[in-house]
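S.K.: Handing over final-v3.txt, compact mmCIF, C-alpha atoms.
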```
# COMPACT_ATOMS: atom_id res chain seq x y z
CA MET A 288 -26.28 1.87 -32.02
CA THR A 289 -25.14 4.12 -29.19
CA THR A 290 -21.57 4.22 -27.93
CA VAL A 291 -22.66 2.85 -24.54
CA THR A 292 -24.50 -0.07 -26.14
CA ALA A 293 -21.54 -0.87 -28.38
CA ALA A 294 -19.16 -0.79 -25.42
CA ALA A 295 -21.44 -3.07 -23.39
CA LEU A 296 -21.63 -5.56 -26.26
CA ALA A 297 -17.85 -5.49 -26.64
CA VAL A 298 -17.36 -6.25 -22.94
CA LEU A 299 -19.83 -9.13 -23.09
CA ALA A 300 -18.14 -10.51 -26.22
CA LEU A 301 -14.70 -10.39 -24.60
CA ALA A 302 -15.99 -12.01 -21.43
CA GLY A 303 -17.78 -14.70 -23.41
CA GLY A 304 -14.66 -15.33 -25.46
CA GLY A 305 -12.67 -15.72 -22.26
CA VAL A 306 -15.10 -18.31 -20.94
CA LEU A 307 -14.97 -20.29 -24.19
CA ALA A 308 -11.17 -20.15 -24.26
CA TYR A 309 -11.04 -21.36 -20.65
CA ARG A 310 -13.45 -24.21 -21.35
CA ALA A 311 -11.42 -25.31 -24.37
CA ALA A 312 -8.25 -25.40 -22.27
CA ALA A 313 -9.84 -26.99 -19.21
CA MET A 314 -11.54 -29.81 -21.11
CA SER A 315 -8.77 -30.54 -23.64
CA PRO A 316 -7.38 -34.10 -23.78
CA ASP A 317 -5.11 -35.23 -20.96
CA ASP A 318 -2.24 -35.70 -23.43
CA PRO A 319 -3.05 -33.35 -26.31
CA ARG A 320 0.03 -34.11 -28.43
CA PRO A 321 3.13 -36.31 -28.21
CA ASP A 322 5.56 -33.39 -27.80
CA ALA A 323 3.52 -31.62 -25.09
CA PRO A 324 5.46 -30.59 -21.95
CA ALA A 325 5.24 -32.95 -19.01
CA TYR A 326 2.80 -30.65 -17.24
CA GLY A 327 0.70 -30.06 -20.36
CA GLY A 328 -1.52 -33.03 -19.63
CA TRP A 329 -3.15 -34.22 -16.45
CA GLY A 330 -0.99 -35.75 -13.75
CA PRO A 331 -1.58 -38.76 -11.51
CA HIS A 332 -3.48 -36.99 -8.72
CA ALA A 333 -7.11 -36.10 -8.27
CA VAL A 334 -7.54 -32.37 -7.66
CA GLY A 335 -9.34 -30.52 -4.90
CA THR A 336 -10.12 -26.84 -4.62
CA ARG A 337 -11.00 -24.52 -1.77
CA GLU A 338 -11.64 -20.84 -1.32
CA ALA A 339 -10.37 -18.66 1.50
CA SER A 340 -10.43 -14.98 2.38
CA LEU A 341 -7.76 -12.84 4.01
CA ASP A 342 -8.73 -9.87 6.16
CA GLY A 343 -8.24 -6.49 4.52
CA ASP A 344 -10.02 -3.53 3.00
CA PRO A 345 -11.30 -5.04 0.82
CA PRO A 346 -10.72 -8.68 1.84
CA LEU A 347 -8.45 -10.71 -0.43
CA ALA A 348 -10.10 -13.82 -1.90
CA LEU A 349 -7.94 -16.89 -2.54
CA THR A 350 -8.54 -19.90 -4.75
CA ILE A 351 -6.47 -22.96 -3.85
CA TRP A 352 -5.89 -26.12 -5.90
CA TYR A 353 -4.13 -29.12 -4.40
CA PRO A 354 -3.63 -32.87 -4.95
CA ALA A 355 -6.58 -34.65 -3.40
CA ARG A 356 -7.71 -38.14 -2.55
CA GLY A 357 -9.40 -39.73 -5.50
CA ASP A 358 -12.28 -41.11 -3.45
CA ALA A 359 -13.42 -37.87 -1.81
CA PRO A 360 -16.90 -38.67 -0.42
CA GLY A 361 -19.70 -36.29 -1.28
CA ALA A 362 -17.50 -34.01 -3.37
CA THR A 363 -18.95 -32.39 -6.47
CA THR A 364 -17.43 -31.06 -9.67
CA VAL A 365 -16.74 -27.33 -9.43
CA ARG A 366 -18.35 -24.62 -11.53
CA TYR A 367 -16.05 -21.62 -11.36
CA PRO A 368 -17.30 -18.04 -11.72
CA TYR A 369 -15.76 -16.02 -14.53
CA GLU A 370 -15.79 -12.60 -12.88
CA LEU A 371 -16.19 -9.48 -14.99
CA LYS A 372 -13.89 -6.64 -13.83
CA TRP A 373 -14.26 -4.10 -16.62
CA PHE A 374 -15.95 -0.90 -15.40
CA VAL A 375 -18.26 -3.00 -13.21
CA ARG A 376 -17.72 -6.13 -11.12
CA THR A 377 -19.99 -9.14 -11.26
CA ARG A 378 -19.56 -12.85 -10.63
CA ALA A 379 -22.95 -13.63 -12.16
CA LEU A 380 -21.95 -13.23 -15.81
CA ALA A 381 -20.84 -16.78 -16.56
CA ARG A 382 -19.54 -20.00 -15.02
CA ALA A 383 -17.47 -22.82 -16.42
CA ALA A 384 -17.14 -26.40 -15.21
CA GLY A 385 -13.78 -27.57 -13.91
CA ARG A 386 -12.43 -31.01 -13.06
CA ALA A 387 -11.51 -30.42 -9.42
CA ARG A 388 -13.69 -31.32 -6.44
CA ARG A 389 -14.80 -28.76 -3.90
CA ASN A 390 -13.25 -29.18 -0.42
CA ALA A 391 -11.94 -32.67 -1.19
CA PRO A 392 -9.60 -34.15 1.44
CA ALA A 393 -5.95 -33.54 0.62
CA ALA A 394 -3.97 -36.48 -0.71
CA GLU A 395 -1.59 -38.44 1.48
CA LEU A 396 1.70 -37.93 -0.33
CA ASP A 397 5.14 -39.43 0.13
CA GLY A 398 6.52 -35.89 0.22
CA ALA A 399 5.06 -32.40 0.24
CA GLY A 400 4.97 -30.64 -3.13
CA PRO A 401 6.13 -27.13 -4.05
CA VAL A 402 3.83 -24.12 -3.81
CA VAL A 403 2.93 -22.10 -6.91
CA MET A 404 1.57 -18.58 -6.44
CA LEU A 405 -0.53 -17.64 -9.48
CA SER A 406 -1.16 -13.99 -10.39
CA PRO A 407 -3.61 -13.22 -13.24
CA GLY A 408 -3.44 -10.45 -15.80
CA PHE A 409 -4.73 -6.96 -15.07
CA ALA A 410 -8.49 -6.93 -14.44
CA LEU A 411 -8.72 -10.60 -15.44
CA PRO A 412 -10.36 -13.15 -13.15
CA VAL A 413 -8.68 -16.12 -11.51
CA GLY A 414 -11.47 -18.09 -13.19
CA GLY A 415 -9.66 -17.62 -16.50
CA TYR A 416 -6.63 -19.60 -15.26
CA VAL A 417 -8.36 -22.61 -13.75
CA TRP A 418 -6.98 -24.84 -16.51
CA LEU A 419 -3.45 -24.07 -15.27
CA GLY A 420 -4.19 -24.33 -11.55
CA GLU A 421 -5.97 -27.67 -11.89
CA ARG A 422 -3.31 -29.20 -14.10
CA LEU A 423 -0.42 -28.19 -11.85
CA ALA A 424 -2.25 -29.56 -8.81
CA SER A 425 -2.74 -32.87 -10.62
CA HIS A 426 1.08 -33.12 -10.78
CA GLY A 427 1.49 -32.58 -7.03
CA PHE A 428 1.82 -28.79 -6.78
CA VAL A 429 -0.25 -26.66 -4.42
CA VAL A 430 -1.46 -23.61 -6.36
CA VAL A 431 -2.69 -20.48 -4.58
CA ALA A 432 -4.26 -17.68 -6.65
CA PRO A 433 -5.14 -14.35 -4.99
CA GLU A 434 -8.04 -12.51 -6.70
CA PRO A 435 -6.79 -8.91 -7.06
CA PRO A 436 -9.55 -6.46 -6.04
CA GLU A 437 -9.08 -4.27 -9.10
CA THR A 438 -11.30 -3.07 -11.92
CA MET A 439 -10.41 -1.64 -15.31
CA ASP A 440 -11.68 1.93 -15.49
CA VAL A 441 -11.18 4.80 -17.89
CA ALA A 442 -8.29 6.26 -15.88
CA LEU A 443 -6.60 2.84 -15.40
CA ASP A 444 -6.10 3.67 -11.72
CA GLY A 445 -6.29 -0.02 -10.89
CA PHE A 446 -3.23 -0.71 -13.03
CA TRP A 447 -0.70 1.44 -11.20
CA ARG A 448 -2.21 0.47 -7.88
CA GLY A 449 -1.84 -3.18 -8.87
CA VAL A 450 1.87 -2.73 -9.57
CA ILE A 451 2.26 -1.66 -5.93
CA ASP A 452 -0.38 -3.78 -4.19
CA ARG A 453 -0.07 -7.13 -5.93
CA PRO A 454 3.33 -8.16 -4.53
CA ARG A 455 1.98 -7.44 -1.05
CA GLN A 456 -1.13 -9.49 -1.75
CA VAL A 457 0.90 -12.46 -3.02
CA GLY A 458 3.17 -12.15 0.02
CA ALA A 459 0.18 -12.22 2.36
CA ALA A 460 -1.20 -15.26 0.51
CA LEU A 461 2.15 -17.01 0.84
CA ASP A 462 2.24 -16.33 4.59
CA TRP A 463 -1.25 -17.81 4.85
CA THR A 464 -0.14 -20.88 2.86
CA ALA A 465 2.87 -21.37 5.14
CA ARG A 466 0.55 -21.42 8.16
CA GLN A 467 -1.68 -24.02 6.51
CA ALA A 468 1.38 -26.11 5.62
CA ALA A 469 2.68 -26.09 9.21
CA PRO A 470 2.00 -29.09 11.49
CA GLY A 471 -1.71 -29.22 12.24
CA GLY A 472 -2.67 -27.20 9.15
CA TRP A 473 -4.87 -28.70 6.46
CA LEU A 474 -1.96 -28.56 3.96
CA ALA A 475 0.54 -30.20 6.33
CA GLY A 476 2.43 -32.87 4.40
CA VAL A 477 0.96 -31.63 1.13
CA ALA A 478 2.53 -28.17 0.62
CA ASP A 479 6.21 -27.38 1.11
CA ALA A 480 6.22 -23.62 1.74
CA SER A 481 10.02 -23.51 1.55
CA ARG A 482 9.85 -24.28 -2.18
CA VAL A 483 7.87 -21.54 -3.93
CA ALA A 484 7.42 -20.41 -7.53
CA VAL A 485 5.48 -17.34 -8.65
CA VAL A 486 3.89 -17.39 -12.10
CA GLY A 487 1.79 -14.73 -13.73
CA HIS A 488 0.33 -13.40 -16.94
CA SER A 489 0.85 -9.78 -18.06
CA LEU A 490 0.65 -7.67 -14.88
CA GLY A 491 0.90 -10.96 -13.01
CA GLY A 492 4.29 -11.45 -14.68
CA THR A 493 5.34 -8.03 -13.42
CA THR A 494 4.25 -9.17 -9.97
CA ALA A 495 6.40 -12.29 -10.24
CA LEU A 496 9.43 -10.21 -11.27
CA ALA A 497 8.87 -7.80 -8.37
CA LEU A 498 8.77 -10.66 -5.88
CA ALA A 499 12.02 -11.97 -7.37
CA GLY A 500 13.68 -8.63 -6.63
CA ALA A 501 13.09 -6.54 -9.75
CA ARG A 502 12.44 -2.85 -9.14
CA LEU A 503 10.73 -0.17 -11.17
CA ASP A 504 12.93 2.57 -12.64
CA PRO A 505 10.84 5.80 -12.56
CA ALA A 506 13.78 7.86 -13.81
CA GLY A 507 14.16 5.54 -16.77
CA PHE A 508 10.46 5.81 -17.59
CA ALA A 509 10.66 9.59 -17.48
CA ASP A 510 13.74 9.63 -19.69
CA LEU A 511 12.24 7.37 -22.35
CA CYS A 512 8.74 8.83 -22.33
CA GLY A 513 9.51 12.48 -21.67
CA THR A 514 11.86 13.01 -24.63
CA PRO A 515 10.68 10.98 -27.66
CA ALA A 516 13.34 10.08 -30.18
CA TRP A 517 12.61 10.49 -33.86
CA ARG A 518 14.23 8.72 -36.75
CA ASP A 519 13.31 9.23 -40.41
CA GLY A 520 10.05 10.84 -39.33
CA GLU A 521 8.96 7.79 -37.27
CA HIS A 522 8.85 7.43 -33.54
CA ALA A 523 11.60 5.13 -32.33
CA PHE A 524 11.93 3.62 -28.87
CA LEU A 525 15.57 3.82 -27.87
```
Can you present the structure in this file as structure tokens?

M.R.:
Amino acid sequence: MTTVTAAALAVLALAGGGVLAYRAAAMSPDDPRPDAPAYGGWGPHAVGTREASLDGDPPLALTIWYPARGDAPGATTVRYPYELKWFVRTRALARAAGRARRNAPAAELDGAGPVVMLSPGFALPVGGYVWLGERLASHGFVVVAPEPPETMDVALDGFWRGVIDRPRQVGAALDWTARQAAPGGWLAGVADASRVAVVGHSLGGTTALALAGARLDPAGFADLCGTPAWRDGEHAFL
């Protein structure tokens, strides 16, 4: 087996494993165990989902989940793309069924719910976090997930660029959400853009910290990585 073939099989296996893990989470019971957190199961609302795109080079795709009316006419169950972003980009690799309804009318709530900005891990698709977005929306949150236009390559250029670009992308998505939540917008009365949380996995967690005010310390990186410390013949991180 050639190295290229082995690498291709490894990528397909990882992508397939991600789809299976997503499906297991998305279709798990509404109340999986008695001690599950309140948001671990499905909430009282039906869930709708929409896609949007913000102008840019390249454009920034958004996936939005929100509490929806339970009797949305003509709505269909969504099949989300699980996008491959390792060395190549394709949305045709696999799809998984969700429980939201495409373009369903937003619910009429007694009060607008908080906004959650969701940032995925490096070179991981928003489609891998649908289980979280749908569940939070079922509890009354409006979840907005920007799809970072990055790809894992040999040089990992997308990683350092993501550290810089992702907070800007989430900020642009939040501005867009605030406009939709203003009077006359389709999220008016549903999303409260003055109450915002940012959640993320891996590099998405770094994005959340940056938006909360954390700053990188290049001098600290250089100090720790430029002069390794050794103890008893083993590398120690001090």

S.K.: Fewer than 5 positions away in the same chain doesn't count, so skip those; otherwise give me all residues within 7 Å of stretch 409-421 of chain A, counting all atoms listed in the file, as a PDB file with C-alpha atoms, keeping the file's coordinate frame.

M.R.:
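Output contents, as saved in selection02.pdb:
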```
ATOM      1  CA  GLY A 305     -12.670 -15.720 -22.260  1.00  0.00           C
ATOM      2  CA  TYR A 309     -11.040 -21.360 -20.650  1.00  0.00           C
ATOM      3  CA  ALA A 312      -8.250 -25.400 -22.270  1.00  0.00           C
ATOM      4  CA  ALA A 313      -9.840 -26.990 -19.210  1.00  0.00           C
ATOM      5  CA  VAL A 334      -7.540 -32.370  -7.660  1.00  0.00           C
ATOM      6  CA  TRP A 352      -5.890 -26.120  -5.900  1.00  0.00           C
ATOM      7  CA  TYR A 367     -16.050 -21.620 -11.360  1.00  0.00           C
ATOM      8  CA  PRO A 368     -17.300 -18.040 -11.720  1.00  0.00           C
ATOM      9  CA  TYR A 369     -15.760 -16.020 -14.530  1.00  0.00           C
ATOM     10  CA  GLU A 370     -15.790 -12.600 -12.880  1.00  0.00           C
ATOM     11  CA  LYS A 372     -13.890  -6.640 -13.830  1.00  0.00           C
ATOM     12  CA  TRP A 373     -14.260  -4.100 -16.620  1.00  0.00           C
ATOM     13  CA  ALA A 387     -11.510 -30.420  -9.420  1.00  0.00           C
ATOM     14  CA  VAL A 430      -1.460 -23.610  -6.360  1.00  0.00           C
ATOM     15  CA  ALA A 432      -4.260 -17.680  -6.650  1.00  0.00           C
ATOM     16  CA  GLU A 434      -8.040 -12.510  -6.700  1.00  0.00           C
ATOM     17  CA  GLU A 437      -9.080  -4.270  -9.100  1.00  0.00           C
ATOM     18  CA  THR A 438     -11.300  -3.070 -11.920  1.00  0.00           C
ATOM     19  CA  MET A 439     -10.410  -1.640 -15.310  1.00  0.00           C
ATOM     20  CA  PHE A 446      -3.230  -0.710 -13.030  1.00  0.00           C
ATOM     21  CA  SER A 489       0.850  -9.780 -18.060  1.00  0.00           C
ATOM     22  CA  LEU A 490       0.650  -7.670 -14.880  1.00  0.00           C
TER      23      LEU A 490
END
```

S.K.: With all atoms listed in the file as the atoms that count, which of A:Gly327, A:Pro454, A:Pro321, A:Pro345 lies nearest to A:Val486?

M.R.: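 Going through A:Gly327, A:Pro454, A:Pro321, A:Pro345 one by one, the smallest distance to A:Val486 is for A:Pro454.
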
S.K.: Using all atoms listed in the file, pick whichever of A:Pro470, A:Gly476, A:Gly445, A:Gly458 has the shortest atom-to-atom distance to A:Pro354.

M.R.: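 The closest residue to A:Pro354 is A:Gly476.
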
S.K.: I'd like the interatomic distance between atom CA of A:Gly500 and atom CA of A:Ala475, to a tenth of an Å.

M.R.: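 So the answer is 28.4 Å.
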
S.K.: Grab the atom CA of A:Thr464 to atom CA of A:Ala480 distance for me, in Å with one decimal place.

M.R.: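 Taking atom CA of A:Thr464 and atom CA of A:Ala480, their separation equals 7.0 Å.
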
S.K.: Which is closest to A:Gly491 among A:Asp479, A:Asp510, A:Asp452, A:Asp462, if we use only C-alpha atoms?

M.R.: A:Asp452

S.K.: Can you list, as a ChimeraX atom specification, every protein, DNA or RNA residue that comes within 9 Å of A:Ser481 when you count all atoms listed in the file, leaving out same-chain residues fewer than 4 positions away?

M.R.: /A:401-402,465
